[in-house]
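Enquirer: Pasting a structure here, questions to come.
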Amino acid sequence: MNKKDQLLEPDQARRRTLILLGSAALGAAGYAETASGGDVESTMPACVITPKQTEGPFFIDKRLQRSDIRADPASEAIRGGTPLMLTLRVHAVGRSACLPVSGAIVDVWHCDANGQYSGADQETGNFARESFLRGYQVTGADGAVRFMTIYPGWYPGRAVHIHFKVRTVANGNRRSEFTSQLYFDDGITDIVHASGIYRRRGRRDVLNTEDGLFRHGDGANLLIKPAKTTDGYAANFDIGLRA
């Protein structure tokens, strides 16, 4: 029995998990074309099972429907950092098919280049009245949403990551919710964090393999490897929800 078959055994399926899959749209070559014209490698195999991860302390349901989440809506000041185009695709995974989910609300939120979250009073500053690097999109017929953001910075005790939440309607009215985190290839993070605004923060103190949530929460199946574009990076990730 190969590894993929083992992952799909019933005893494994009963774990506290959702299903993460590589989209069939990527094709046999395993690449997807980005809006900026670059190619983003898809490293995720089809229909593998992965656990969800914690929401963390900084989720705020501000209902900011927008694709470009870099700015604070009130001040319109754009948070500095290397541009990142993030495409997420949501699928419902059943026994015989993986189908795009339309109408799902997908939130993303993460820290800025200095490790600061909006909507919170932190040691490095009070950003409670700000809403930078937060927002949601609603999936279309292809199950996809796209966010223009920046490559995250770091803060003590955590590897570099982005939070995301998917909310869908189940059984007519009841809303189903799934929350997890995305992690970044450490080699690419080294390159990004070595220049510009990130350089002032210095070397981060936790790599992926040293992060407790990454190590104990199957973070390898939540790992993205952004591709270089003309003005920054682009990354794709496919989320599968149990049908």
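The chains in the structure tokens are called A, B, ... from first to last as shown; in each chain the residues are counted from 1, and the ligands are counted from 1 in the order shown.
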Taking only segment 42-190 of chain A into account, list the residues labelled strand (DSSP E) by DSSP (computed from the backbone), as a count of residues only.
Expert: 60
Enquirer: Under the rule of at most 12 Å, produce a per-residue listing of segment 94-152 of chain A near segment 56-71 of chain A: chain, number, name, the closest pair of atoms, and the distance in Å, as a tab-separated table, using only C-alpha atoms.
Expert:
```
residue	atom	partner	partner_atom	distance
A:Ile105	CA	A:Gln65	CA	9.3
A:Val106	CA	A:Gln65	CA	9.6
A:Asp107	CA	A:Arg63	CA	8.7
A:Val108	CA	A:Ile69	CA	8.9
A:Trp109	CA	A:Phe59	CA	7.3
A:His110	CA	A:Phe58	CA	8.5
A:Cys111	CA	A:Phe58	CA	9.4
A:Asp112	CA	A:Arg70	CA	9.0
A:Ala113	CA	A:Arg70	CA	11.2
A:Gln116	CA	A:Phe58	CA	10.3
A:Tyr117	CA	A:Phe58	CA	7.2
A:Ser118	CA	A:Phe58	CA	8.3
A:Gly119	CA	A:Ile60	CA	7.3
A:Ala120	CA	A:Phe58	CA	7.3
A:Asp121	CA	A:Phe58	CA	10.4
A:Gln122	CA	A:Phe58	CA	10.9
A:Phe127	CA	A:Phe58	CA	11.6
A:Ala128	CA	A:Ile60	CA	10.5
A:Arg129	CA	A:Lys62	CA	11.3
A:Glu130	CA	A:Ala71	CA	9.3
A:Ser131	CA	A:Ala71	CA	7.7
A:Phe132	CA	A:Ala71	CA	5.0
A:Leu133	CA	A:Ile69	CA	4.9
A:Arg134	CA	A:Ile69	CA	5.6
A:Gly135	CA	A:Leu64	CA	4.8
A:Tyr136	CA	A:Gln65	CA	4.9
A:Gln137	CA	A:Gln65	CA	5.6
A:Val138	CA	A:Gln65	CA	8.1
A:Thr139	CA	A:Ser67	CA	11.5
A:Ala144	CA	A:Ser67	CA	11.8
A:Val145	CA	A:Ser67	CA	8.1
A:Arg146	CA	A:Ser67	CA	6.3
A:Phe147	CA	A:Ser67	CA	4.7
A:Met148	CA	A:Asp68	CA	4.5
A:Thr149	CA	A:Arg70	CA	5.1
A:Ile150	CA	A:Arg70	CA	6.8
A:Tyr151	CA	A:Arg70	CA	10.4
A:Pro152	CA	A:Arg70	CA	11.0
```
Enquirer: Taking 4 positions as the minimum chain separation for residues in the same chain, which residues sit within 10 Å of Leu99 of chain A when counting only C-alpha atoms? Answer as a CSV table (one decimal) with C-alpha atoms, in the first residue's frame.
Expert:
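Produced file result.csv, reproduced below:
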```csv
chain,number,residue,atom,x,y,z
A,23,SER,CA,-5.9,21.1,-7.5
A,90,VAL,CA,-11.5,25.7,-1.7
A,91,HIS,CA,-12.9,22.2,-2.6
A,92,ALA,CA,-15.4,19.9,-1.1
A,93,VAL,CA,-13.9,16.4,-1.0
A,94,GLY,CA,-16.2,13.4,-1.1
A,141,ALA,CA,-17.6,29.1,-9.1
A,142,ASP,CA,-14.0,27.9,-9.3
A,143,GLY,CA,-13.7,27.9,-5.5
A,240,GLY,CA,-10.2,20.7,0.9
A,241,LEU,CA,-13.3,20.6,3.2
A,243,ALA,CA,-18.1,17.0,1.9
```
Enquirer: Under the rule that only C-alpha atoms are counted, which of A:Val169, A:Ile188, A:Leu207, A:Pro100 is the nearest residue to Lys228 of chain A?
Expert: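 Residue with the minimum atom-to-atom distance to Lys228 of chain A: A:Ile188.
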Enquirer: Rank A:Asp211, A:Ala77, A:Lys52, A:Thr82 by their smallest atom-to-atom distance to Thr230 of chain A, using only C-alpha atoms, and report the top residue only.
Expert: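 With only C-alpha atoms as the atom set, the closest residue is A:Thr82.
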Enquirer: When DSSP is applied to the backbone of this structure, which of segment 90-213 of chain A are assigned helix (DSSP H, G or I)? Write them out as a PyMOL selection string.
Expert: chain A and resi 186-193+196-201+208-210+212-213
Enquirer: Could the residues in this selection be written to a file with C-alpha atoms, as a PDB file, in the first residue's frame?
Expert:
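Writing the result to selection.pdb gives the following:
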```
ATOM      1  CA  ASP A 186      12.573  28.835   5.264  1.00  0.00           C
ATOM      2  CA  GLY A 187      15.028  29.323   2.402  1.00  0.00           C
ATOM      3  CA  ILE A 188      12.745  31.833   0.684  1.00  0.00           C
ATOM      4  CA  THR A 189      12.044  33.578   3.978  1.00  0.00           C
ATOM      5  CA  ASP A 190      15.809  33.975   4.502  1.00  0.00           C
ATOM      6  CA  ILE A 191      16.043  35.770   1.165  1.00  0.00           C
ATOM      7  CA  VAL A 192      13.047  38.054   1.767  1.00  0.00           C
ATOM      8  CA  HIS A 193      13.983  38.918   5.343  1.00  0.00           C
ATOM      9  CA  GLY A 196      14.350  46.129   3.061  1.00  0.00           C
ATOM     10  CA  ILE A 197      12.103  46.727   6.049  1.00  0.00           C
ATOM     11  CA  TYR A 198      12.567  43.150   7.272  1.00  0.00           C
ATOM     12  CA  ARG A 199      16.290  43.588   7.790  1.00  0.00           C
ATOM     13  CA  ARG A 200      15.733  45.877  10.773  1.00  0.00           C
ATOM     14  CA  ARG A 201      14.122  43.019  12.682  1.00  0.00           C
ATOM     15  CA  ASN A 208       9.613  25.929  10.906  1.00  0.00           C
ATOM     16  CA  THR A 209      11.089  22.816  12.490  1.00  0.00           C
ATOM     17  CA  GLU A 210      11.458  24.668  15.806  1.00  0.00           C
ATOM     18  CA  GLY A 212       5.637  23.773  18.133  1.00  0.00           C
ATOM     19  CA  LEU A 213       2.507  24.185  16.005  1.00  0.00           C
TER      20      LEU A 213
END
```
